[in-house]
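Undergrad: Got my_file_17.cif for you, mmCIF, C-alpha atoms and all ligand atoms:
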```cif
data_my_file
loop_
_atom_site.label_atom_id
_atom_site.label_comp_id
_atom_site.auth_asym_id
_atom_site.auth_seq_id
_atom_site.Cartn_x
_atom_site.Cartn_y
_atom_site.Cartn_z
CA MET V 1 70.07 168.76 129.53
CA ARG V 2 71.62 170.54 126.56
CA ILE V 3 70.73 173.90 125.05
CA LEU V 4 72.22 175.00 121.73
CA ILE V 5 72.13 178.70 120.91
CA LYS V 6 72.64 179.14 117.18
CA ASN V 7 74.05 182.04 115.16
CA GLY V 8 73.80 184.75 117.78
CA HIS V 9 76.00 187.85 117.86
CA VAL V 10 78.00 186.93 120.96
CA ILE V 11 79.36 189.77 123.07
CA ASP V 12 81.57 188.70 125.96
CA PRO V 13 83.66 191.69 127.05
CA ALA V 14 85.61 189.67 129.63
CA ASN V 15 87.08 187.58 126.80
CA ASN V 16 87.03 190.25 124.07
CA ILE V 17 84.55 188.18 122.10
CA ASP V 18 82.43 190.04 119.55
CA MET V 19 81.40 187.67 116.78
CA VAL V 20 78.62 185.54 115.38
CA SER V 21 78.88 182.19 117.10
CA ASP V 22 77.04 179.24 118.61
CA ILE V 23 77.01 178.40 122.29
CA LEU V 24 76.43 174.96 123.75
CA VAL V 25 75.09 174.73 127.27
CA GLU V 26 75.40 171.40 129.01
CA ASP V 27 73.75 170.97 132.41
CA GLU V 28 74.68 174.11 134.35
CA LYS V 29 77.75 175.22 132.40
CA ILE V 30 78.86 176.70 129.12
CA ALA V 31 80.29 173.68 127.32
CA ASP V 32 81.45 175.26 124.08
CA ILE V 33 81.48 178.51 122.21
CA LYS V 34 82.38 178.53 118.52
CA ALA V 35 80.75 178.80 115.09
CA GLY V 36 79.08 175.74 113.57
CA ILE V 37 78.48 173.55 116.63
CA THR V 38 76.72 170.43 115.36
CA ASP V 39 76.04 168.60 118.64
CA THR V 40 72.47 167.54 119.27
CA ALA V 41 70.56 169.38 122.00
CA ASP V 42 67.28 169.14 123.90
CA THR V 43 66.50 172.75 123.04
CA VAL V 44 67.76 174.82 120.13
CA ILE V 45 67.43 178.59 120.26
CA ASP V 46 67.76 180.45 116.98
CA ALA V 47 69.55 183.66 117.96
CA SER V 48 70.08 185.01 114.42
CA GLY V 49 69.99 188.79 114.44
CA LYS V 50 70.10 188.87 118.22
CA TYR V 51 72.80 189.61 120.76
CA VAL V 52 73.90 186.84 123.10
CA VAL V 53 75.56 188.30 126.20
CA PRO V 54 76.58 187.18 129.69
CA GLY V 55 73.65 187.22 132.10
CA LEU V 56 73.61 190.71 133.57
CA VAL V 57 74.91 191.40 137.08
CA ASP V 58 73.05 194.12 139.01
CA MET V 59 75.09 195.00 142.09
CA HIS V 60 72.50 197.29 143.70
CA VAL V 61 68.98 195.94 144.24
CA HIS V 62 66.48 196.10 147.09
CA LEU V 63 64.62 192.78 147.22
CA ARG V 64 62.79 193.86 150.41
CA GLU V 65 62.69 190.40 151.96
CA PRO V 66 62.64 189.84 154.91
CA GLY V 67 60.29 192.42 156.33
CA PHE V 68 58.83 194.38 153.45
CA GLU V 69 57.20 191.66 151.39
CA TYR V 70 54.29 193.96 150.59
CA LYS V 71 56.75 195.87 148.33
CA GLU V 72 58.69 192.94 146.86
CA ASP V 73 60.06 189.55 147.82
CA ILE V 74 62.81 187.27 146.65
CA VAL V 75 60.50 185.45 144.21
CA THR V 76 58.96 188.53 142.56
CA GLY V 77 62.22 190.47 142.65
CA THR V 78 64.15 187.71 140.89
CA LYS V 79 61.30 187.25 138.39
CA ALA V 80 61.62 190.95 137.59
CA ALA V 81 65.38 190.48 137.32
CA VAL V 82 65.28 187.74 134.71
CA MET V 83 62.57 189.54 132.75
CA GLY V 84 65.11 192.37 132.50
CA GLY V 85 67.98 190.07 131.53
CA VAL V 86 69.58 190.23 134.99
CA THR V 87 70.73 186.80 136.17
CA SER V 88 72.68 187.85 139.26
CA VAL V 89 71.12 190.16 141.82
CA VAL V 90 73.12 191.76 144.62
CA CYS V 91 70.64 192.74 147.32
CA MET V 92 70.99 195.46 149.91
CA PRO V 93 70.71 194.83 153.67
CA ASN V 94 68.06 197.44 154.63
CA THR V 95 65.51 194.74 155.34
CA ASN V 96 63.69 194.00 158.59
CA PRO V 97 65.55 192.56 160.36
CA VAL V 98 68.58 194.28 158.85
CA ALA V 99 71.00 191.86 157.17
CA ASP V 100 73.63 192.46 159.85
CA SER V 101 73.95 188.85 160.98
CA ALA V 102 74.81 185.49 159.48
CA SER V 103 71.26 184.27 160.11
CA VAL V 104 69.64 186.90 157.86
CA ILE V 105 72.24 186.37 155.12
CA THR V 106 71.63 182.61 155.33
CA TYR V 107 67.86 183.13 155.22
CA ILE V 108 68.10 185.21 152.03
CA LYS V 109 70.45 182.74 150.37
CA ASP V 110 68.28 179.73 151.27
CA ARG V 111 65.07 181.38 150.05
CA ALA V 112 66.75 182.44 146.81
CA LYS V 113 68.12 178.97 146.20
CA LYS V 114 64.76 177.28 146.78
CA TYR V 115 62.40 179.76 145.14
CA GLY V 116 64.41 182.37 143.23
CA TYR V 117 64.67 182.83 139.48
CA ALA V 118 68.07 184.51 139.47
CA ASN V 119 71.26 184.12 141.49
CA VAL V 120 71.09 186.21 144.64
CA TYR V 121 74.13 187.66 146.41
CA PRO V 122 73.32 189.38 149.70
CA VAL V 123 75.16 192.43 151.00
CA GLY V 124 75.65 192.62 154.76
CA ALA V 125 75.29 195.76 156.82
CA ILE V 126 78.32 197.85 157.75
CA SER V 127 76.91 198.69 161.17
CA LYS V 128 74.67 196.78 163.56
CA GLY V 129 71.05 197.55 162.73
CA MET V 130 72.40 200.08 160.19
CA GLN V 131 72.51 202.45 163.14
CA GLY V 132 75.89 203.87 162.24
CA LYS V 133 77.27 203.23 165.73
CA GLU V 134 78.94 199.83 165.97
CA LEU V 135 80.44 197.67 163.21
CA SER V 136 78.72 194.42 162.28
CA GLU V 137 80.51 191.08 162.57
CA MET V 138 81.90 191.19 159.04
CA GLY V 139 83.73 187.87 159.27
CA ASP V 140 80.48 186.10 160.10
CA LEU V 141 78.69 187.91 157.27
CA LYS V 142 81.36 186.89 154.80
CA GLU V 143 81.31 183.29 155.98
CA ALA V 144 77.51 183.19 155.56
CA GLY V 145 77.86 184.41 151.99
CA ALA V 146 77.75 188.20 151.98
CA VAL V 147 79.66 189.58 148.97
CA ALA V 148 80.02 193.16 150.26
CA VAL V 149 78.99 195.41 153.12
CA SER V 150 76.91 198.58 152.97
CA ASP V 151 74.47 200.61 155.05
CA ASP V 152 72.79 201.62 151.78
CA GLY V 153 69.69 203.68 152.24
CA LYS V 154 71.61 205.52 154.89
CA PRO V 155 75.09 207.02 154.92
CA VAL V 156 77.77 206.08 157.42
CA SER V 157 77.80 209.54 158.93
CA GLU V 158 80.67 209.22 161.41
CA PRO V 159 83.95 209.49 159.49
CA VAL V 160 85.78 207.34 162.02
CA LEU V 161 83.24 204.54 161.67
CA MET V 162 83.81 204.56 157.90
CA ARG V 163 87.53 204.40 158.59
CA TYR V 164 87.14 201.32 160.79
CA ALA V 165 84.65 199.79 158.33
CA LEU V 166 87.13 200.10 155.44
CA GLU V 167 89.94 198.57 157.53
CA TYR V 168 87.81 195.79 158.99
CA ALA V 169 86.10 194.86 155.70
CA ASN V 170 89.48 194.82 153.96
CA MET V 171 90.64 192.08 156.35
CA PHE V 172 87.92 189.87 154.88
CA ASP V 173 88.26 191.11 151.27
CA LEU V 174 84.73 192.51 151.49
CA PRO V 175 84.06 195.52 149.26
CA VAL V 176 82.49 198.48 151.08
CA ILE V 177 79.63 200.12 149.16
CA SER V 178 79.12 203.67 150.35
CA HIS V 179 75.79 205.50 150.09
CA CYS V 180 77.19 209.03 150.05
CA GLU V 181 74.91 211.56 151.66
CA ASP V 182 75.81 214.18 154.22
CA LEU V 183 72.52 214.26 156.11
CA SER V 184 73.02 217.74 157.54
CA LEU V 185 73.67 219.16 154.07
CA ALA V 186 70.80 217.15 152.56
CA ASP V 187 68.62 218.83 155.18
CA GLU V 188 65.60 216.59 154.60
CA GLY V 189 65.21 217.95 151.09
CA ASP V 190 62.89 216.49 148.47
CA ILE V 191 64.55 217.05 145.09
CA ASN V 192 67.66 218.53 143.54
CA GLU V 193 68.32 222.08 144.68
CA GLY V 194 67.92 224.27 141.63
CA PHE V 195 65.33 225.51 139.18
CA MET V 196 62.73 222.82 139.84
CA SER V 197 62.91 223.04 143.64
CA THR V 198 62.25 226.78 143.38
CA TYR V 199 59.58 226.35 140.70
CA LEU V 200 57.68 223.66 142.61
CA GLY V 201 58.35 225.11 146.05
CA LEU V 202 59.97 221.88 147.26
CA ARG V 203 62.96 221.65 149.57
CA GLY V 204 66.20 221.34 147.63
CA ILE V 205 69.08 218.91 148.18
CA THR V 206 72.42 220.45 147.30
CA ARG V 207 74.73 218.33 145.17
CA ALA V 208 77.32 218.96 147.87
CA ALA V 209 75.41 216.53 150.12
CA GLU V 210 76.59 213.69 147.87
CA GLU V 211 79.96 215.11 146.89
CA VAL V 212 81.18 215.98 150.38
CA GLN V 213 80.82 212.41 151.55
CA ALA V 214 82.16 210.94 148.31
CA ALA V 215 85.26 213.13 148.76
CA ARG V 216 85.50 212.10 152.40
CA ASP V 217 85.30 208.38 151.66
CA ILE V 218 87.78 208.63 148.80
CA LEU V 219 90.24 210.44 151.06
CA ILE V 220 89.82 207.94 153.90
CA ALA V 221 90.30 205.03 151.47
CA GLU V 222 93.34 206.77 150.01
CA ALA V 223 94.89 207.27 153.43
CA LEU V 224 94.31 203.61 154.33
CA GLY V 225 95.14 202.15 150.91
CA THR V 226 91.88 200.18 150.94
CA PRO V 227 89.19 199.92 148.24
CA VAL V 228 85.89 201.78 148.41
CA HIS V 229 82.89 201.66 146.08
CA ILE V 230 80.72 204.76 145.71
CA ALA V 231 77.03 203.93 145.16
CA HIS V 232 74.63 205.64 142.72
CA VAL V 233 76.74 208.55 141.45
CA SER V 234 74.43 211.37 140.32
CA THR V 235 76.49 214.56 139.94
CA ARG V 236 79.26 215.95 137.77
CA GLY V 237 81.19 216.71 140.95
CA THR V 238 81.20 213.09 142.11
CA VAL V 239 82.25 211.87 138.66
CA ASP V 240 85.15 214.34 138.75
CA LEU V 241 86.17 213.29 142.27
CA VAL V 242 86.29 209.62 141.27
CA ARG V 243 88.14 210.38 138.03
CA GLN V 244 90.83 212.39 139.82
CA ALA V 245 91.14 209.78 142.57
CA LYS V 246 91.59 206.98 140.04
CA ARG V 247 94.37 209.00 138.39
CA ARG V 248 96.10 209.21 141.78
CA GLY V 249 95.85 205.45 142.12
CA VAL V 250 93.13 205.35 144.77
CA LYS V 251 91.31 202.00 144.77
CA VAL V 252 87.94 203.61 144.19
CA THR V 253 85.16 202.22 142.00
CA CYS V 254 81.67 203.56 141.44
CA GLU V 255 78.30 202.94 139.83
CA THR V 256 75.40 204.88 138.41
CA ALA V 257 71.81 204.03 137.51
CA PRO V 258 69.86 204.48 134.26
CA HIS V 259 67.79 207.29 135.77
CA TYR V 260 70.93 209.37 136.18
CA PHE V 261 71.74 209.16 132.47
CA THR V 262 68.18 209.31 131.09
CA LEU V 263 66.27 211.77 133.29
CA THR V 264 66.72 215.18 134.89
CA GLU V 265 64.97 217.04 137.70
CA LYS V 266 62.39 218.10 135.10
CA ALA V 267 60.85 214.63 135.50
CA VAL V 268 59.43 215.67 138.89
CA ASP V 269 57.29 218.36 137.26
CA GLY V 270 53.66 217.92 138.23
CA PHE V 271 54.88 216.54 141.58
CA ASN V 272 55.57 213.16 139.99
CA THR V 273 56.53 211.01 142.96
CA ASN V 274 57.75 208.28 140.60
CA ALA V 275 60.64 210.60 139.84
CA LYS V 276 61.49 211.06 143.51
CA MET V 277 64.69 209.30 144.49
CA ASN V 278 67.78 209.58 146.61
CA PRO V 279 70.13 210.93 145.38
CA PRO V 280 67.69 213.08 143.41
CA LEU V 281 67.54 213.46 139.64
CA ARG V 282 69.86 216.30 138.65
CA THR V 283 70.40 218.41 135.51
CA ASP V 284 71.37 218.01 131.84
CA ASP V 285 74.94 218.92 132.77
CA ASP V 286 75.09 216.09 135.33
CA VAL V 287 73.59 213.65 132.82
CA SER V 288 76.30 214.45 130.30
CA ALA V 289 79.02 214.13 132.98
CA VAL V 290 77.64 210.72 134.00
CA ILE V 291 77.69 209.58 130.37
CA ASP V 292 81.28 210.84 129.95
CA GLY V 293 82.16 208.91 133.12
CA LEU V 294 80.62 205.73 131.71
CA LYS V 295 82.54 206.21 128.48
CA ASP V 296 85.99 206.92 129.93
CA GLY V 297 85.95 204.21 132.60
CA THR V 298 85.46 206.49 135.60
CA ILE V 299 82.15 204.77 136.31
CA ASP V 300 82.56 201.01 136.59
CA ALA V 301 79.01 199.68 136.70
CA ILE V 302 75.42 200.36 135.76
CA ILE V 303 73.05 199.30 138.53
CA THR V 304 69.32 199.78 138.97
CA ASP V 305 68.98 200.65 142.68
CA HIS V 306 65.70 198.74 142.14
CA ALA V 307 63.58 200.18 144.96
CA PRO V 308 60.05 198.79 144.95
CA HIS V 309 57.38 200.66 146.92
CA HIS V 310 53.68 200.07 147.40
CA ALA V 311 51.42 202.42 145.43
CA ASP V 312 50.23 204.02 148.68
CA GLU V 313 53.81 205.05 149.47
CA LYS V 314 53.95 207.04 146.23
CA LYS V 315 50.36 208.30 145.95
CA CYS V 316 50.75 210.93 148.62
CA GLU V 317 52.12 214.39 149.27
CA PHE V 318 55.49 214.74 147.53
CA SER V 319 57.47 215.33 150.72
CA LEU V 320 55.99 212.21 152.31
CA ALA V 321 56.50 209.93 149.28
CA ALA V 322 59.09 207.17 149.50
CA ASN V 323 62.35 207.52 147.54
CA GLY V 324 63.24 205.25 144.65
CA ILE V 325 61.96 203.43 141.58
CA VAL V 326 61.81 199.88 140.28
CA GLY V 327 64.43 199.32 137.60
CA LEU V 328 65.16 195.68 136.89
CA GLU V 329 62.78 195.35 133.95
CA THR V 330 63.97 198.47 132.12
CA SER V 331 67.72 198.83 132.77
CA LEU V 332 69.08 196.97 129.74
CA ALA V 333 66.60 198.63 127.38
CA LEU V 334 67.36 202.09 128.80
CA GLY V 335 71.06 201.45 128.25
CA ILE V 336 70.50 200.31 124.68
CA THR V 337 68.11 203.16 123.87
CA TYR V 338 69.92 206.05 125.57
CA LEU V 339 73.57 204.99 125.33
CA VAL V 340 74.02 202.59 122.41
CA LYS V 341 71.40 203.84 119.94
CA THR V 342 72.65 207.40 120.51
CA GLY V 343 76.24 206.37 119.75
CA LYS V 344 77.49 207.32 123.22
CA LEU V 345 78.65 203.80 124.11
CA THR V 346 79.28 200.67 122.08
CA ILE V 347 77.19 197.61 122.86
CA ASN V 348 80.40 196.04 124.21
CA GLU V 349 80.92 198.92 126.63
CA LEU V 350 77.31 198.76 127.83
CA ILE V 351 77.40 195.01 128.42
CA ALA V 352 80.74 195.26 130.27
CA LEU V 353 79.23 197.86 132.63
CA MET V 354 76.35 195.46 133.30
CA SER V 355 78.21 192.15 133.56
CA ASN V 356 81.92 191.50 134.04
CA LYS V 357 82.85 194.87 135.53
CA PRO V 358 80.44 194.70 138.50
CA ALA V 359 81.29 191.00 138.94
CA ASN V 360 84.97 191.95 139.21
CA ILE V 361 84.31 194.58 141.87
CA LEU V 362 82.56 191.93 143.97
CA ASN V 363 84.94 189.09 143.10
CA ILE V 364 82.05 186.89 142.02
CA ASP V 365 82.47 184.31 139.31
CA LYS V 366 79.86 185.77 136.95
CA GLY V 367 79.47 188.08 133.99
CA THR V 368 81.30 186.00 131.38
CA LEU V 369 80.61 183.39 128.74
CA SER V 370 83.93 181.56 129.20
CA GLN V 371 83.92 177.86 128.54
CA GLY V 372 83.20 176.15 131.86
CA ALA V 373 81.51 179.21 133.34
CA ASP V 374 78.02 179.02 134.83
CA ALA V 375 75.51 179.13 131.99
CA ASP V 376 73.95 182.53 132.72
CA ILE V 377 73.00 184.02 129.34
CA THR V 378 70.79 186.85 128.09
CA ILE V 379 69.56 187.04 124.49
CA PHE V 380 67.89 190.14 123.05
CA ASP V 381 67.17 191.94 119.80
CA ALA V 382 68.55 195.48 120.14
CA ASP V 383 66.36 196.71 117.28
CA ARG V 384 63.09 195.46 118.68
CA GLU V 385 61.01 198.34 119.98
CA TRP V 386 58.60 197.84 122.87
CA THR V 387 56.51 200.01 125.13
CA VAL V 388 56.99 199.93 128.89
CA ASN V 389 53.78 198.98 130.68
CA VAL V 390 54.21 198.86 134.44
CA ASN V 391 51.10 196.70 134.78
CA GLU V 392 52.99 193.94 132.97
CA PHE V 393 55.96 194.08 135.36
CA ALA V 394 56.78 190.89 137.25
CA SER V 395 57.76 193.11 140.17
CA LYS V 396 55.12 193.58 142.88
CA SER V 397 55.63 197.31 142.62
CA LYS V 398 54.93 199.61 139.69
CA ASN V 399 56.78 202.77 140.73
CA SER V 400 58.59 203.52 137.47
CA PRO V 401 58.87 206.89 135.75
CA TYR V 402 59.25 205.07 132.41
CA ASP V 403 55.67 203.84 132.04
CA GLY V 404 54.66 204.37 128.41
CA TYR V 405 58.25 204.91 127.19
CA LYS V 406 59.18 203.33 123.88
CA LEU V 407 62.48 201.51 124.31
CA PHE V 408 64.67 199.17 122.29
CA GLY V 409 65.81 195.71 123.30
CA LYS V 410 63.73 193.45 125.53
CA PRO V 411 65.28 190.17 126.67
CA GLU V 412 63.78 187.26 124.76
CA PHE V 413 65.65 184.34 126.28
CA VAL V 414 67.29 184.35 129.68
CA ILE V 415 69.17 181.32 130.98
CA VAL V 416 70.25 181.01 134.61
CA GLY V 417 72.53 178.15 135.57
CA GLY V 418 71.54 176.24 132.43
CA LYS V 419 67.80 176.67 133.02
CA ILE V 420 65.63 178.72 130.68
CA ARG V 421 63.87 181.28 132.88
CA VAL V 422 62.59 183.54 130.11
CA ASN V 423 61.43 181.77 126.96
CA ASN V 424 60.50 183.90 123.97
CA GLY V 425 59.89 186.85 126.25
CA VAL V 426 57.68 184.88 128.63
CA LEU V 427 58.61 183.92 132.20
CA GLU V 428 58.95 180.17 132.73
CA GLU V 429 57.51 179.34 136.15
CA ARG V 430 59.89 177.12 138.11
ZN ZN V 501 71.60 204.36 148.45
#
```
Represent the structure from my file as structure tokens, please.

TA:
Amino acid sequence: MRILIKNGHVIDPANNIDMVSDILVEDEKIADIKAGITDTADTVIDASGKYVVPGLVDMHVHLREPGFEYKEDIVTGTKAAVMGGVTSVVCMPNTNPVADSASVITYIKDRAKKYGYANVYPVGAISKGMQGKELSEMGDLKEAGAVAVSDDGKPVSEPVLMRYALEYANMFDLPVISHCEDLSLADEGDINEGFMSTYLGLRGITRAAEEVQAARDILIAEALGTPVHIAHVSTRGTVDLVRQAKRRGVKVTCETAPHYFTLTEKAVDGFNTNAKMNPPLRTDDDVSAVIDGLKDGTIDAIITDHAPHHADEKKCEFSLAANGIVGLETSLALGITYLVKTGKLTINELIALMSNKPANILNIDKGTLSQGADADITIFDADREWTVNVNEFASKSKNSPYDGYKLFGKPEFVIVGGKIRVNNGVLEER
């Protein structure tokens, strides 16, 4: 099976490639990348006027299987991924049962291999049952295929448990992904503490709830000399903490999500539960700090924190509504529209934040178009405008605040391991 991609504008930040070129895919691998390839192929894709980039790597996704299949499952979640140009999905362990054992990690990997549309990399839990009391068997998790550990959805509240987690995970070269939230400071709040919380009469969450734990985890990692990865950075303060720590040589990395560079707390006006998330949407000042952090290398990755919820979990009183939004089918377009079209980032910088940089944090062999690499490729036209319609999402859940938004750049062809999963913008059933 050979696929020839002709005349695309190839962007491969890992190899500093930014040129019009052809790519030949043979079986599951990238066989050649150069201009004027004349080999015959079973399928030829004309990519003139389009970008050809490494399949995107999203290192923070909730696939909800096992246990919450009414929200999403591995099949629908990976369909949503490829429709958004994401070919590698890193899924969080807050399932039921929690992914704190080799058997759950193996289950997820097997299901994904048999029925998935994208590559799936499970994250194991830091603590047993994500209870924050006792460490999981990280060696077993790693052996079963976990690429990181996290209790995401919940913080590791006990500082000493985080200390042991960083030391133990480091023995197995497992990155630790920290959901930073001081629960006592967060005080069961609903939205960012500020104008909107006062205006709407909702309970506020101080930015310190995130920053205090980010500072704590950075300092623990610094003392131990181990790496730590800070999840979903939402405030100027956290960006500053990571920037300063990196200057000191701390092995800290971090990520943010499109909603933290495209939306502010104003999006919750009218008690819009589709703008309710954790950490909450912040202010214009935080948005500009996040964008500066993306630009200067403080923030290493753009993730979605894809968090599908059933409509009933959002159509309720604001305080009772579930946190989070679906993101896989809009992340690339939000990056193009809000970062590249506005001149804040180059297309190269955006693609690096969504491909090779997250792959490097996790030490997975993805996010590049190198000859011999797995043929995971995303092709899109950055000038093509489209309107988000949640009813067209491949995801089971429709909880997006971007419904009706006009965005640029929708993936037209997506190849995973040499197989075309999205063909001319349409999902190819496997
Ligand atoms: Zn989280």

Undergrad: Using only C-alpha atoms and all ligand atoms, find each residue with an atom at most 6 Å away from ligand ZN 501 (chain V) and format the answer as a list of chain:residue names.

TA: V:Asp152, V:Gly153, V:His179

Undergrad: Could you work out how far atom CA of Ala47 of chain V lies from atom CA of Ala301 of chain V, giving the answer in Å with one decimal?

TA: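 Result for atom CA of Ala301 of chain V versus atom CA of Ala47 of chain V: 26.4 Å, one decimal.
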
Undergrad: Go ahead and compute the interatomic distance for atom CA of Glu193 of chain V and atom CA of Gln213 of chain V, in Å to one decimal.

TA: 17.2 Å

Undergrad: Compile the contact shell of segment 68-77 of chain V as a PyMOL selection string: residues with an atom at most 8 Å away, counting all atoms listed in the file, same-chain residues fewer than 6 positions apart removed.

TA: chain V and resi 95-96+108+111-112+115-117+308-310+394-397

Undergrad: Determine, counting all atoms listed in the file, which protein, DNA and RNA residues have an atom within 7 Å of an atom of Lys50 of chain V; residues of the same chain fewer than 4 positions away are not included. Present the result as an mmCIF file with C-alpha atoms, keeping the file's coordinate frame.

TA:
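Printed below is out_36.cif as written:
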```
data_model
loop_
_atom_site.group_PDB
_atom_site.id
_atom_site.type_symbol
_atom_site.label_atom_id
_atom_site.label_comp_id
_atom_site.auth_asym_id
_atom_site.auth_seq_id
_atom_site.Cartn_x
_atom_site.Cartn_y
_atom_site.Cartn_z
ATOM 1 C CA GLY V 8 73.800 184.750 117.780
ATOM 2 C CA HIS V 9 76.000 187.850 117.860
ATOM 3 C CA ILE V 379 69.560 187.040 124.490
ATOM 4 C CA PHE V 380 67.890 190.140 123.050
ATOM 5 C CA ASP V 381 67.170 191.940 119.800
#
```

Undergrad: From the list V:Ala223, V:Cys316, V:Val52, V:Arg421, which residue is nearest Ala382 of chain V when using all atoms listed in the file?

TA: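 For Ala382 of chain V, the nearest of the candidates is V:Val52.
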
Undergrad: Under the rule that all atoms listed in the file are counted, which of V:Thr387, V:Thr330, V:Thr87, V:Thr283 is the nearest residue to Asp305 of chain V?

TA: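 Selected residue with least distance to Asp305 of chain V: V:Thr330.
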
Undergrad: Using all atoms listed in the file for the distances, tell me which of V:Gly204, V:Gly297, V:Gly367, V:Gly270 is nearest to Arg247 of chain V.

TA: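 Checking each candidate against Arg247 of chain V, we get V:Gly297 as the closest.
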
Undergrad: With only C-alpha atoms as the basis for distance, which of V:Arg282, V:Gly225, V:Ser150, V:Val176 is at the shortest distance from Thr206 of chain V?

TA: V:Arg282

Undergrad: Using only C-alpha atoms, determine which residues lie at most 9 Å from Pro159 of chain V, disregarding the query and same-chain residues fewer than 5 positions distant; provide the list as a list in words.

TA: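 After dropping sequence-adjacent residues, the list is Tyr164, Arg216, Asp217 and Ile220 of chain V.
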
Undergrad: For Gly335 of chain V, which residue out of V:Leu407, V:Ala231, V:Ala275, V:Ile30 is the nearest one, using all atoms listed in the file?

TA: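 Among the listed residues, the smallest separation from Gly335 of chain V belongs to V:Leu407.
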
Undergrad: Using all atoms listed in the file, which of V:Val61, V:Met83, V:Ile364, V:Ala14 sits nearest Val422 of chain V?

TA: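 With all atoms listed in the file as the atom set, the closest residue is V:Met83.
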
Undergrad: Counting only C-alpha atoms, what is within 7 Å of Gly84 of chain V, bar same-chain residues fewer than 5 positions away, as a ChimeraX atom specification?

TA: /V:328-332,411

Undergrad: What is the distance between atom CA of Val268 of chain V and atom CA of Ser234 of chain V, in Å to one decimal?

TA: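 Atom CA of Ser234 of chain V lies 15.7 Å from atom CA of Val268 of chain V.
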
Undergrad: Quick one: residues within 6 Å of segment 32-36 of chain V, all atoms listed in the file, excluding same-chain residues fewer than 6 positions away - as a list of chain:residue names?

TA: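 The residues satisfying every condition are V:Ser21, V:Asp22, V:Ile23, V:Leu24, V:Gln371.
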
Undergrad: Would you give me, as JSON lines, each residue of segment 311-368 of chain V having an atom within 10 Å of an atom of segment 124-147 of chain V, along with its shortest atom pair and that distance in Å to one decimal, using all atoms listed in the file and sorting by chain and residue number?

TA:
```
{"residue": "V:Ile361", "atom": "CA", "partner": "V:Val147", "partner_atom": "CA", "distance": 9.9}
{"residue": "V:Leu362", "atom": "CA", "partner": "V:Val147", "partner_atom": "CA", "distance": 6.2}
{"residue": "V:Asn363", "atom": "CA", "partner": "V:Val147", "partner_atom": "CA", "distance": 7.9}
{"residue": "V:Ile364", "atom": "CA", "partner": "V:Val147", "partner_atom": "CA", "distance": 7.8}
```

Undergrad: Could you give me, as an MDAnalysis selection string, the residues that sit within 12 Å of (55.1, 214.9, 151.1) in the file's coordinates, counting all atoms listed in the file?

TA: chainID V and resid 188:191 201:203 271:273 276 313:323

Undergrad: Please supply segment 192-200 of chain V, rebuilt with N, CA, C and O atoms, as a compact mmCIF listing (two decimals), keeping the file's coordinate frame.

TA:
```txt
# COMPACT_ATOMS: atom_id res chain seq x y z
N ASN V 192 66.45 217.76 143.80
CA ASN V 192 67.66 218.53 143.54
C ASN V 192 67.43 220.01 143.81
O ASN V 192 66.39 220.56 143.45
N GLU V 193 68.43 220.64 144.44
CA GLU V 193 68.32 222.08 144.68
C GLU V 193 68.66 222.82 143.39
O GLU V 193 69.74 222.68 142.84
N GLY V 194 67.70 223.57 142.89
CA GLY V 194 67.92 224.27 141.63
C GLY V 194 66.61 224.82 141.11
O GLY V 194 65.69 225.11 141.89
N PHE V 195 66.50 224.90 139.79
CA PHE V 195 65.33 225.51 139.18
C PHE V 195 64.04 224.83 139.64
O PHE V 195 63.09 225.49 140.07
N MET V 196 63.99 223.51 139.56
CA MET V 196 62.73 222.82 139.84
C MET V 196 62.30 222.94 141.31
O MET V 196 61.11 223.02 141.62
N SER V 197 63.29 222.93 142.23
CA SER V 197 62.91 223.04 143.64
C SER V 197 62.30 224.42 143.91
O SER V 197 61.34 224.55 144.67
N THR V 198 62.82 225.43 143.24
CA THR V 198 62.25 226.78 143.38
C THR V 198 60.88 226.84 142.72
O THR V 198 59.90 227.32 143.30
N TYR V 199 60.81 226.31 141.50
CA TYR V 199 59.58 226.35 140.70
C TYR V 199 58.43 225.62 141.40
O TYR V 199 57.30 226.09 141.45
N LEU V 200 58.74 224.46 141.98
CA LEU V 200 57.68 223.66 142.61
C LEU V 200 57.53 223.98 144.10
O LEU V 200 56.59 223.49 144.75
```
